[in-house]
file target.csv (CSV, C-alpha atoms and all ligand atoms)
chain,number,residue,atom,x,y,z
N,6,PRO,CA,7.4,-18.6,2.6
N,7,PRO,CA,3.8,-17.9,3.5
N,8,LEU,CA,1.9,-15.6,1.1
N,9,HIS,CA,1.6,-12.6,3.4
N,10,ARG,CA,5.4,-12.7,3.7
N,11,GLN,CA,5.9,-12.9,-0.1
N,12,ARG,CA,3.6,-9.8,-0.5
N,13,HIS,CA,5.7,-7.8,2.0
N,14,GLN,CA,8.9,-9.1,0.4
N,15,PHE,CA,7.7,-7.8,-3.0
N,16,VAL,CA,7.4,-4.3,-1.4
N,17,ILE,CA,10.8,-4.6,0.2
N,18,ASP,CA,12.4,-5.6,-3.1
N,19,PHE,CA,10.7,-2.6,-4.8
N,20,VAL,CA,12.0,-0.3,-2.0
N,21,LYS,CA,15.6,-1.7,-2.4
N,22,ARG,CA,15.5,-1.0,-6.2
N,23,ASN,CA,13.7,2.4,-6.2
N,24,LYS,CA,14.9,3.9,-2.9
N,25,PRO,CA,11.7,6.0,-2.1
N,26,LYS,CA,12.2,8.6,0.6
N,27,LYS,CA,8.6,8.9,1.7
N,28,VAL,CA,6.5,5.8,1.9
N,29,VAL,CA,2.9,5.3,3.2
N,30,ASP,CA,1.3,1.9,3.8
N,31,LEU,CA,-2.5,2.1,3.5
N,32,GLY,CA,-4.4,-0.5,5.6
N,33,CYS,CA,-1.2,-1.0,7.7
N,34,SER,CA,-3.1,-3.2,10.2
N,35,ASP,CA,-0.6,-4.2,13.0
N,36,CYS,CA,2.3,-2.4,11.3
N,37,SER,CA,4.1,-5.6,10.2
N,38,LEU,CA,5.2,-4.2,6.9
N,39,LEU,CA,6.2,-0.9,8.4
N,40,GLN,CA,8.3,-2.9,11.0
N,41,LYS,CA,10.3,-4.4,8.1
N,42,LEU,CA,10.5,-1.1,6.1
N,43,LYS,CA,12.0,0.8,8.9
N,44,PHE,CA,15.3,-0.9,8.3
N,45,HIS,CA,15.6,0.6,4.9
N,46,ARG,CA,17.7,3.6,5.5
N,47,GLU,CA,16.8,5.5,2.3
N,48,ILE,CA,13.4,6.1,3.8
N,49,GLU,CA,13.0,9.4,5.6
N,50,LEU,CA,9.3,9.3,6.3
N,51,LEU,CA,7.3,6.1,6.9
N,52,VAL,CA,3.6,6.5,7.4
N,53,GLY,CA,0.9,3.9,8.2
N,54,VAL,CA,-2.9,4.4,7.9
N,55,ASP,CA,-5.7,2.1,9.0
N,56,ILE,CA,-9.3,2.6,9.7
N,57,ASP,CA,-8.9,0.3,12.7
N,58,GLY,CA,-7.0,2.3,15.3
N,59,ALA,CA,-7.0,-0.5,17.9
N,60,ASN,CA,-5.2,-2.8,15.4
N,61,ILE,CA,-2.5,-0.1,14.9
N,62,LYS,CA,-2.0,0.4,18.6
N,63,LYS,CA,-1.4,-3.3,19.3
N,64,LYS,CA,2.3,-3.3,18.2
N,65,MET,CA,3.0,0.3,17.3
N,66,HIS,CA,5.5,0.8,20.1
N,67,GLY,CA,7.7,-1.8,18.4
N,68,LEU,CA,8.5,0.8,15.8
N,69,ALA,CA,10.4,2.9,18.3
N,70,PRO,CA,14.2,2.9,17.9
N,71,MET,CA,16.0,0.0,19.4
N,72,SER,CA,19.2,0.6,21.3
N,73,THR,CA,21.2,-0.8,18.4
N,74,ASP,CA,19.6,1.8,16.1
N,75,TYR,CA,21.6,4.4,18.0
N,76,LEU,CA,24.8,2.9,16.7
N,77,GLN,CA,23.7,3.7,13.2
N,78,PRO,CA,24.8,7.2,12.3
N,79,SER,CA,21.7,7.7,10.2
N,80,TYR,CA,19.1,6.5,12.8
N,81,ASP,CA,17.7,10.0,13.4
N,82,GLN,CA,16.8,10.6,9.8
N,83,LEU,CA,13.7,8.4,9.9
N,84,ARG,CA,10.4,9.7,11.1
N,85,ILE,CA,7.4,7.3,11.5
N,86,GLU,CA,3.8,8.5,11.8
N,87,LEU,CA,0.7,6.3,12.3
N,88,TYR,CA,-2.8,7.6,11.5
N,89,GLN,CA,-6.3,6.2,12.1
N,90,GLY,CA,-8.3,7.1,9.0
N,91,SER,CA,-10.1,5.8,6.0
N,92,VAL,CA,-8.5,5.6,2.5
N,93,THR,CA,-11.8,7.0,1.2
N,94,GLN,CA,-11.0,10.3,2.8
N,95,GLU,CA,-8.4,12.9,1.8
N,96,ASP,CA,-5.7,14.1,4.2
N,97,ALA,CA,-3.2,16.7,3.1
N,98,ARG,CA,-0.4,15.1,5.1
N,99,LEU,CA,-0.4,12.2,2.7
N,100,ARG,CA,0.3,14.1,-0.5
N,101,GLY,CA,3.4,13.9,-2.5
N,102,PHE,CA,4.8,10.6,-1.4
N,103,ASP,CA,7.3,8.5,-3.5
N,104,LEU,CA,5.5,5.2,-2.7
N,105,VAL,CA,2.0,4.2,-1.6
N,106,THR,CA,1.4,0.6,-0.8
N,107,SER,CA,-2.1,-1.0,-0.5
N,108,ILE,CA,-1.6,-4.7,0.3
N,109,GLU,CA,-4.8,-6.8,0.4
N,110,LEU,CA,-6.9,-3.7,1.2
N,111,ILE,CA,-9.2,-2.9,-1.7
N,112,GLU,CA,-11.2,-6.1,-1.6
N,113,HIS,CA,-12.4,-5.0,1.9
N,114,LEU,CA,-14.1,-1.9,0.3
N,115,THR,CA,-17.4,-1.7,-1.4
N,116,LEU,CA,-17.1,-0.9,-5.2
N,117,ALA,CA,-18.3,2.7,-4.5
N,118,ASP,CA,-15.5,3.0,-1.9
N,119,VAL,CA,-12.9,1.6,-4.4
N,120,GLU,CA,-13.9,4.5,-6.6
N,121,ARG,CA,-13.2,6.9,-3.7
N,122,PHE,CA,-9.9,5.1,-3.0
N,123,SER,CA,-8.9,5.7,-6.7
N,124,GLU,CA,-9.7,9.4,-6.5
N,125,VAL,CA,-8.0,9.8,-3.1
N,126,VAL,CA,-4.8,7.8,-3.9
N,127,PHE,CA,-4.2,8.6,-7.6
N,128,GLY,CA,-6.1,11.8,-7.9
N,129,TYR,CA,-5.3,13.6,-4.6
N,130,MET,CA,-2.2,12.0,-3.0
N,131,THR,CA,-0.6,11.7,-6.5
N,132,PRO,CA,2.4,9.5,-5.4
N,133,VAL,CA,5.2,8.7,-7.8
N,134,ALA,CA,4.5,4.9,-7.4
N,135,VAL,CA,1.7,2.8,-6.0
N,136,ILE,CA,1.7,-1.0,-5.3
N,137,VAL,CA,-1.8,-2.5,-5.1
N,138,SER,CA,-2.3,-6.2,-4.2
N,139,THR,CA,-5.6,-8.1,-4.1
N,140,PRO,CA,-6.7,-11.7,-4.4
N,141,ASN,CA,-6.9,-13.2,-7.9
N,142,SER,CA,-10.2,-15.1,-8.0
N,143,GLU,CA,-9.0,-17.3,-10.8
N,144,PHE,CA,-6.7,-19.0,-8.4
N,145,ASN,CA,-9.5,-19.9,-5.9
N,146,PRO,CA,-10.4,-23.3,-7.5
N,147,LEU,CA,-6.9,-24.5,-6.4
N,148,PHE,CA,-7.8,-24.1,-2.7
N,149,PRO,CA,-9.1,-27.2,-0.8
N,150,ARG,CA,-12.5,-25.5,-0.1
N,151,PRO,CA,-12.9,-23.4,-3.3
N,152,ALA,CA,-16.5,-22.0,-2.7
N,153,GLY,CA,-16.9,-18.4,-1.7
N,154,PHE,CA,-14.4,-15.6,-0.9
N,155,ARG,CA,-11.1,-16.2,0.8
N,156,HIS,CA,-12.2,-14.1,3.8
N,157,SER,CA,-15.7,-13.3,5.1
N,158,ASP,CA,-15.0,-9.5,5.1
N,159,HIS,CA,-14.1,-9.5,1.3
N,160,LYS,CA,-16.6,-7.5,-0.7
N,161,PHE,CA,-15.3,-8.9,-4.0
N,162,GLU,CA,-12.5,-10.9,-5.4
N,163,TRP,CA,-11.4,-10.0,-9.0
N,164,THR,CA,-10.3,-12.0,-11.9
N,165,ARG,CA,-7.1,-10.8,-13.7
N,166,ALA,CA,-9.3,-9.1,-16.3
N,167,GLU,CA,-11.4,-7.3,-13.7
N,168,PHE,CA,-8.3,-6.0,-11.9
N,169,LYS,CA,-6.9,-4.9,-15.2
N,170,THR,CA,-10.1,-3.0,-16.2
N,171,TRP,CA,-10.0,-1.1,-12.9
N,172,ALA,CA,-6.2,-0.4,-13.1
N,173,LEU,CA,-6.3,0.8,-16.7
N,174,LYS,CA,-9.2,3.1,-16.0
N,175,VAL,CA,-7.2,4.6,-13.1
N,176,CYS,CA,-4.2,5.1,-15.4
N,177,LEU,CA,-6.3,6.9,-18.0
N,178,GLU,CA,-8.0,9.1,-15.5
N,179,TYR,CA,-5.0,10.1,-13.3
N,180,GLY,CA,-2.0,9.8,-15.6
N,181,TYR,CA,-0.3,6.6,-14.5
N,182,GLU,CA,1.1,3.5,-16.2
N,183,VAL,CA,0.8,0.1,-14.7
N,184,GLU,CA,2.6,-3.3,-14.8
N,185,PHE,CA,0.8,-6.5,-13.7
N,186,THR,CA,2.5,-9.2,-11.6
N,187,GLY,CA,1.9,-11.2,-8.5
N,188,VAL,CA,3.1,-13.5,-5.8
N,189,GLY,CA,2.1,-17.1,-5.0
N,190,GLN,CA,2.9,-19.4,-7.9
N,191,ALA,CA,0.4,-21.9,-9.3
N,192,PRO,CA,1.6,-25.5,-9.6
N,193,PRO,CA,3.8,-26.2,-12.7
N,194,GLY,CA,1.8,-26.1,-15.9
N,195,GLN,CA,-1.1,-24.1,-14.5
N,196,GLU,CA,0.6,-20.7,-14.1
N,197,GLU,CA,-0.9,-19.3,-17.3
N,198,ARG,CA,-4.4,-20.6,-16.8
N,199,VAL,CA,-4.9,-19.4,-13.1
N,200,GLY,CA,-2.2,-16.7,-12.6
N,201,PHE,CA,-0.8,-15.7,-9.2
N,202,CYS,CA,-2.6,-16.3,-5.9
N,203,SER,CA,-2.2,-12.5,-5.1
N,204,GLN,CA,-2.3,-10.2,-8.1
N,205,ILE,CA,-0.3,-7.0,-7.9
N,206,GLY,CA,-0.4,-3.8,-10.0
N,207,VAL,CA,2.7,-1.5,-9.8
N,208,PHE,CA,1.7,2.0,-10.9
N,209,HIS,CA,4.0,4.8,-11.9
N,210,TRP,CA,3.0,8.4,-12.3
N,211,LEU,CA,3.7,9.7,-15.8
N,212,GLY,CA,4.2,13.2,-14.6
N,213,GLY,CA,7.6,12.4,-13.0
N,214,ARG,CA,8.9,13.4,-9.6
N,215,GLN,CA,7.8,16.9,-8.4
N,216,ASP,CA,8.6,18.8,-5.3
N,217,CYS,CA,5.5,18.5,-3.3
N,218,ASN,CA,5.3,22.0,-1.8
N,219,MET,CA,5.9,23.7,-5.2
N,220,PHE,CA,3.5,21.3,-6.9
N,221,PHE,CA,0.6,21.7,-4.6
N,222,GLY,CA,1.0,25.4,-3.8
N,223,ASP,CA,0.2,26.7,-0.3
N,224,ASP,CA,-3.1,28.5,-1.0
N,225,ALA,CA,-5.1,25.3,-1.4
N,226,GLU,CA,-7.4,24.4,1.4
N,227,ASP,CA,-5.8,21.6,3.3
N,228,VAL,CA,-8.0,18.8,4.6
N,229,PHE,CA,-6.9,16.9,7.8
N,230,SER,CA,-9.3,14.0,8.3
N,231,TYR,CA,-7.0,11.5,9.9
N,232,THR,CA,-6.1,11.2,13.6
N,233,LEU,CA,-2.4,10.9,14.5
N,234,LEU,CA,-1.9,8.0,16.8
N,235,TYR,CA,1.8,7.8,17.0
N,236,SER,CA,4.8,9.7,15.9
N,237,ILE,CA,8.5,8.9,16.5
N,301,LIG,N1,-1.9,-4.6,4.6
N,301,LIG,C1,-1.9,-5.5,5.7
N,301,LIG,C2,-1.2,-6.8,5.3
N,301,LIG,O1,-0.7,-6.9,4.2
N,301,LIG,O2,-1.0,-7.7,6.1
N,301,LIG,C3,-3.3,-5.8,6.3
N,301,LIG,C4,-4.3,-6.3,5.3
N,301,LIG,S1,-5.9,-6.6,6.1
N,301,LIG,C5,-6.4,-7.9,5.2
N,301,LIG,C6,-6.9,-5.2,5.6
N,301,LIG,C7,-6.7,-4.0,6.4
N,301,LIG,O3,-7.3,-2.9,5.8
N,301,LIG,C8,-7.3,-4.1,7.8
N,301,LIG,O4,-6.3,-3.8,8.8
N,301,LIG,C9,-8.4,-3.1,7.8
N,301,LIG,O5,-8.6,-2.5,9.1
N,301,LIG,C10,-8.0,-2.1,6.8
N,301,LIG,N2,-9.0,-1.3,6.2
N,301,LIG,C11,-10.2,-1.7,5.8
N,301,LIG,N3,-11.0,-0.7,5.3
N,301,LIG,C12,-10.2,0.4,5.4
N,301,LIG,C13,-10.4,1.8,5.0
N,301,LIG,N4,-11.5,2.3,4.5
N,301,LIG,N5,-9.3,2.6,5.3
N,301,LIG,C14,-8.2,2.2,5.8
N,301,LIG,N6,-8.0,0.9,6.2
N,301,LIG,C15,-8.9,0.0,5.9

call {"tool": "encode", "arguments": {"input": "target.csv", "output": "structure tokens", "more": "lines below"}}
Ligand code: SAM
result
Amino acid sequence: PPLHRQRHQFVIDFVKRNKPKKVVDLGCSDCSLLQKLKFHREIELLVGVDIDGANIKKKMHGLAPMSTDYLQPSYDQLRIELYQGSVTQEDARLRGFDLVTSIELIEHLTLADVERFSEVVFGYMTPVAVIVSTPNSEFNPLFPRPAGFRHSDHKFEWTRAEFKTWALKVCLEYGYEVEFTGVGQAPPGQEERVGFCSQIGVFHWLGGRQDCNMFFGDDAEDVFSYTLLYSI
């Protein structure tokens, strides 16, 4: 299957195993991952965020229940919310989730904004788990036209060592542990040398699961910087 589908399948397999109740997809684009996740009935709150509101709006109505959903006794337990906003800004509605996904997003940020992303996601949102995928630049020589980045909007593409350096720093600063994996296999014999086409870090919060309201208290000043585009 194409690589973008393999990345989404990786998230779906994680959801099947870990059964998160609240999931947010950062950089959700045209909601294609959310569209697949809505069929996983353990999820009670599914949120998408993207800086590009027009992109979200293109297909967001496809997230509405279909007539067959009404035959499912549990259909009304899922709530979906889509926000226009930047991952460099905090929004109190995104705190305390079970899973945050960031699929092929960080390489579109400047390194200064990657720092903000780390603070916002791991330091402020403090989800139980985070899945981050980004291109592995060591794989690039295997492409037919290897020069340059894979996409003109990419601000960087990291080697496995660079990704690891960022991820381990995040873990130390915010109390997470991380496992490294990926999707998109190199040809036989080259797997070790070049790694996966997309590298993935799966982070787990070391503090364990907490009740979000108890944990954050209600006297903190709540910031709402995102714009709600759709809720169903
Ligand atoms: N995650 C999707 C996927 O796997 O197909 C889309 C990935 S697309 C390459 C990157 C997305 O990140 C775009 O939809 C873009 O608008 C969004 N994006 C870029 N900068 C962002 C930011 N600061 N905050 C939120 N989204 C951002």

call {"tool": "closest_residue", "arguments": {"input": "target.csv", "among": "N:Arg12, N:Val133, N:Leu234, N:Lys174", "to": "Thr186 in chain N", "atoms": "all atoms listed in the file"}}
result
N:Arg12

call {"tool": "residues_around", "arguments": {"input": "target.csv", "residues": "Arg198 in chain N", "least_positions_apart": "6", "cutoff": "10 Å", "atoms": "only C-alpha atoms", "output": "PyMOL selection string"}}
result
chain N and resi 143-144+191

call {"tool": "closest_residue", "arguments": {"input": "target.csv", "among": "N:Arg10, N:Lys26, N:His209, N:Lys43", "to": "Ala134 in chain N", "atoms": "all atoms listed in the file"}}
result
N:His209

call {"tool": "atom_distance", "arguments": {"input": "target.csv", "atom1": "CA of Leu99 in chain N", "atom2": "CA of Val28 in chain N"}}
result
9.4 Å

call {"tool": "residues_around", "arguments": {"input": "target.csv", "residues": "range 82-92 of chain N", "least_positions_apart": "4", "cutoff": "10 Å", "atoms": "only C-alpha atoms", "output": "ChimeraX atom specification"}}
result
/N:26-33,36,39,43-62,65,68-70,78,96,107,110-111,114,118-119,121-126,229-237

call {"tool": "closest_residue", "arguments": {"input": "target.csv", "among": "N:Gly189, N:Val175, N:Asp103, N:Ser203", "to": "ligand LIG 301 (chain N)", "atoms": "only C-alpha atoms and all ligand atoms"}}
result
N:Ser203

call {"tool": "atom_distance", "arguments": {"input": "target.csv", "atom1": "atom C3 of ligand LIG 301 (chain N)", "atom2": "CA of His9 in chain N"}}
result
8.9 Å

call {"tool": "atom_distance", "arguments": {"input": "target.csv", "atom1": "atom C4 of ligand LIG 301 (chain N)", "atom2": "CA of His159 in chain N"}}
result
11.1 Å

call {"tool": "closest_residue", "arguments": {"input": "target.csv", "among": "N:Gln14, N:Glu120, N:Lys41, N:Phe127", "to": "Leu177 in chain N", "atoms": "all atoms listed in the file"}}
result
N:Phe127

call {"tool": "residues_around", "arguments": {"input": "target.csv", "residues": "Gly200 in chain N", "least_positions_apart": "2", "cutoff": "12 Å", "atoms": "all atoms listed in the file", "output": "ChimeraX atom specification"}}
result
/N:140-147,163-166,185-198,202-205

call {"tool": "closest_residue", "arguments": {"input": "target.csv", "among": "N:Leu38, N:Phe161, N:Asn23, N:Glu226", "to": "ligand LIG 301 (chain N)", "atoms": "all atoms listed in the file"}}
result
N:Leu38

call {"tool": "closest_residue", "arguments": {"input": "target.csv", "among": "N:Gln77, N:Pro132, N:Ser157, N:Gly67", "to": "ligand LIG 301 (chain N)", "atoms": "only C-alpha atoms and all ligand atoms"}}
result
N:Ser157

call {"tool": "residues_near_point", "arguments": {"input": "target.csv", "point": "(1.5, 3.9, -5.3)", "cutoff": "6 Å", "atoms": "all atoms listed in the file", "output": "PyMOL selection string"}}
result
chain N and resi 104-106+132+134-136+208

call {"tool": "residues_near_point", "arguments": {"input": "target.csv", "point": "(10.2, -0.6, -2.5)", "cutoff": "9 Å", "atoms": "only C-alpha atoms", "output": "PyMOL selection string"}}
result
chain N and resi 15-25+28+42+104+136

call {"tool": "decode", "arguments": {"input": "target.csv", "residues": "range 153-164 of chain N", "atoms": "all heavy atoms", "output": "PDB file, in the first residue's frame"}}
result
ATOM      1  N   GLY N 153      17.719  17.184  -2.726  1.00  0.00           N
ATOM      2  CA  GLY N 153      16.740  18.073  -2.083  1.00  0.00           C
ATOM      3  C   GLY N 153      15.765  17.343  -1.186  1.00  0.00           C
ATOM      4  O   GLY N 153      15.843  16.129  -0.985  1.00  0.00           O
ATOM      5  N   PHE N 154      14.810  18.109  -0.625  1.00  0.00           N
ATOM      6  CA  PHE N 154      13.798  17.544   0.256  1.00  0.00           C
ATOM      7  C   PHE N 154      12.693  16.869  -0.552  1.00  0.00           C
ATOM      8  O   PHE N 154      12.542  17.133  -1.746  1.00  0.00           O
ATOM      9  CB  PHE N 154      13.196  18.643   1.136  1.00  0.00           C
ATOM     10  CG  PHE N 154      14.158  19.188   2.160  1.00  0.00           C
ATOM     11  CD1 PHE N 154      14.039  20.492   2.602  1.00  0.00           C
ATOM     12  CD2 PHE N 154      15.170  18.390   2.689  1.00  0.00           C
ATOM     13  CE1 PHE N 154      14.915  21.006   3.566  1.00  0.00           C
ATOM     14  CE2 PHE N 154      16.045  18.888   3.650  1.00  0.00           C
ATOM     15  CZ  PHE N 154      15.913  20.204   4.075  1.00  0.00           C
ATOM     16  N   ARG N 155      11.903  16.066   0.141  1.00  0.00           N
ATOM     17  CA  ARG N 155      10.832  15.339  -0.539  1.00  0.00           C
ATOM     18  C   ARG N 155       9.693  16.258  -0.954  1.00  0.00           C
ATOM     19  O   ARG N 155       8.904  15.929  -1.824  1.00  0.00           O
ATOM     20  CB  ARG N 155      10.277  14.254   0.388  1.00  0.00           C
ATOM     21  CG  ARG N 155      11.307  13.211   0.726  1.00  0.00           C
ATOM     22  CD  ARG N 155      10.708  12.156   1.613  1.00  0.00           C
ATOM     23  NE  ARG N 155      11.763  11.329   2.199  1.00  0.00           N
ATOM     24  CZ  ARG N 155      11.538  10.338   3.031  1.00  0.00           C
ATOM     25  NH1 ARG N 155      10.290  10.030   3.382  1.00  0.00           N
ATOM     26  NH2 ARG N 155      12.529   9.642   3.521  1.00  0.00           N
ATOM     27  N   HIS N 156       9.561  17.379  -0.256  1.00  0.00           N
ATOM     28  CA  HIS N 156       8.464  18.304  -0.548  1.00  0.00           C
ATOM     29  C   HIS N 156       9.011  19.718  -0.394  1.00  0.00           C
ATOM     30  O   HIS N 156       9.810  19.983   0.512  1.00  0.00           O
ATOM     31  CB  HIS N 156       7.315  18.055   0.435  1.00  0.00           C
ATOM     32  CG  HIS N 156       6.058  18.763   0.064  1.00  0.00           C
ATOM     33  ND1 HIS N 156       5.877  20.112   0.307  1.00  0.00           N
ATOM     34  CD2 HIS N 156       4.937  18.331  -0.532  1.00  0.00           C
ATOM     35  CE1 HIS N 156       4.677  20.463  -0.132  1.00  0.00           C
ATOM     36  NE2 HIS N 156       4.087  19.398  -0.646  1.00  0.00           N
ATOM     37  N   SER N 157       8.568  20.627  -1.268  1.00  0.00           N
ATOM     38  CA  SER N 157       9.145  21.980  -1.267  1.00  0.00           C
ATOM     39  C   SER N 157       8.829  22.741   0.020  1.00  0.00           C
ATOM     40  O   SER N 157       9.535  23.682   0.371  1.00  0.00           O
ATOM     41  CB  SER N 157       8.632  22.767  -2.471  1.00  0.00           C
ATOM     42  OG  SER N 157       7.228  22.798  -2.440  1.00  0.00           O
ATOM     43  N   ASP N 158       7.778  22.346   0.736  1.00  0.00           N
ATOM     44  CA  ASP N 158       7.421  23.048   1.976  1.00  0.00           C
ATOM     45  C   ASP N 158       8.184  22.510   3.203  1.00  0.00           C
ATOM     46  O   ASP N 158       8.065  23.056   4.300  1.00  0.00           O
ATOM     47  CB  ASP N 158       5.905  22.958   2.202  1.00  0.00           C
ATOM     48  CG  ASP N 158       5.458  23.827   3.379  1.00  0.00           C
ATOM     49  OD1 ASP N 158       5.839  25.032   3.401  1.00  0.00           O
ATOM     50  OD2 ASP N 158       4.787  23.313   4.293  1.00  0.00           O
ATOM     51  N   HIS N 159       8.959  21.440   3.026  1.00  0.00           N
ATOM     52  CA  HIS N 159       9.699  20.900   4.185  1.00  0.00           C
ATOM     53  C   HIS N 159      10.796  21.875   4.610  1.00  0.00           C
ATOM     54  O   HIS N 159      11.547  22.378   3.786  1.00  0.00           O
ATOM     55  CB  HIS N 159      10.331  19.537   3.850  1.00  0.00           C
ATOM     56  CG  HIS N 159       9.315  18.444   3.775  1.00  0.00           C
ATOM     57  ND1 HIS N 159       9.658  17.135   3.477  1.00  0.00           N
ATOM     58  CD2 HIS N 159       7.974  18.454   3.950  1.00  0.00           C
ATOM     59  CE1 HIS N 159       8.553  16.402   3.478  1.00  0.00           C
ATOM     60  NE2 HIS N 159       7.518  17.170   3.751  1.00  0.00           N
ATOM     61  N   LYS N 160      10.865  22.131   5.923  1.00  0.00           N
ATOM     62  CA  LYS N 160      11.895  23.019   6.450  1.00  0.00           C
ATOM     63  C   LYS N 160      13.154  22.218   6.788  1.00  0.00           C
ATOM     64  O   LYS N 160      14.242  22.764   6.902  1.00  0.00           O
ATOM     65  CB  LYS N 160      11.387  23.744   7.702  1.00  0.00           C
ATOM     66  CG  LYS N 160      10.049  24.471   7.502  1.00  0.00           C
ATOM     67  CD  LYS N 160      10.158  25.602   6.476  1.00  0.00           C
ATOM     68  CE  LYS N 160       8.890  26.445   6.424  1.00  0.00           C
ATOM     69  NZ  LYS N 160       7.714  25.726   5.891  1.00  0.00           N
ATOM     70  N   PHE N 161      12.999  20.927   7.021  1.00  0.00           N
ATOM     71  CA  PHE N 161      14.135  20.039   7.306  1.00  0.00           C
ATOM     72  C   PHE N 161      13.668  18.603   7.063  1.00  0.00           C
ATOM     73  O   PHE N 161      12.463  18.333   6.999  1.00  0.00           O
ATOM     74  CB  PHE N 161      14.602  20.192   8.766  1.00  0.00           C
ATOM     75  CG  PHE N 161      13.540  19.858   9.780  1.00  0.00           C
ATOM     76  CD1 PHE N 161      13.332  18.550  10.206  1.00  0.00           C
ATOM     77  CD2 PHE N 161      12.702  20.842  10.297  1.00  0.00           C
ATOM     78  CE1 PHE N 161      12.329  18.246  11.124  1.00  0.00           C
ATOM     79  CE2 PHE N 161      11.700  20.542  11.211  1.00  0.00           C
ATOM     80  CZ  PHE N 161      11.517  19.238  11.621  1.00  0.00           C
ATOM     81  N   GLU N 162      14.638  17.710   6.907  1.00  0.00           N
ATOM     82  CA  GLU N 162      14.356  16.268   6.951  1.00  0.00           C
ATOM     83  C   GLU N 162      15.471  15.666   7.777  1.00  0.00           C
ATOM     84  O   GLU N 162      16.646  15.902   7.502  1.00  0.00           O
ATOM     85  CB  GLU N 162      14.293  15.678   5.527  1.00  0.00           C
ATOM     86  CG  GLU N 162      13.013  16.103   4.813  1.00  0.00           C
ATOM     87  CD  GLU N 162      12.917  15.629   3.358  1.00  0.00           C
ATOM     88  OE1 GLU N 162      13.870  15.011   2.854  1.00  0.00           O
ATOM     89  OE2 GLU N 162      11.866  15.891   2.745  1.00  0.00           O
ATOM     90  N   TRP N 163      15.107  14.924   8.810  1.00  0.00           N
ATOM     91  CA  TRP N 163      16.078  14.462   9.791  1.00  0.00           C
ATOM     92  C   TRP N 163      16.582  13.052   9.495  1.00  0.00           C
ATOM     93  O   TRP N 163      15.822  12.195   9.040  1.00  0.00           O
ATOM     94  CB  TRP N 163      15.425  14.460  11.182  1.00  0.00           C
ATOM     95  CG  TRP N 163      15.397  15.803  11.848  1.00  0.00           C
ATOM     96  CD1 TRP N 163      16.181  16.883  11.574  1.00  0.00           C
ATOM     97  CD2 TRP N 163      14.538  16.191  12.939  1.00  0.00           C
ATOM     98  NE1 TRP N 163      15.867  17.925  12.427  1.00  0.00           N
ATOM     99  CE2 TRP N 163      14.876  17.525  13.265  1.00  0.00           C
ATOM    100  CE3 TRP N 163      13.539  15.542  13.667  1.00  0.00           C
ATOM    101  CZ2 TRP N 163      14.236  18.225  14.294  1.00  0.00           C
ATOM    102  CZ3 TRP N 163      12.899  16.224  14.685  1.00  0.00           C
ATOM    103  CH2 TRP N 163      13.253  17.556  14.998  1.00  0.00           C
ATOM    104  N   THR N 164      17.862  12.830   9.860  1.00  0.00           N
ATOM    105  CA  THR N 164      18.376  11.458   9.922  1.00  0.00           C
ATOM    106  C   THR N 164      17.751  10.795  11.147  1.00  0.00           C
ATOM    107  O   THR N 164      17.148  11.473  12.001  1.00  0.00           O
ATOM    108  CB  THR N 164      19.905  11.459  10.099  1.00  0.00           C
ATOM    109  OG1 THR N 164      20.189  12.117  11.347  1.00  0.00           O
ATOM    110  CG2 THR N 164      20.604  12.196   8.960  1.00  0.00           C
TER     111      THR N 164
END
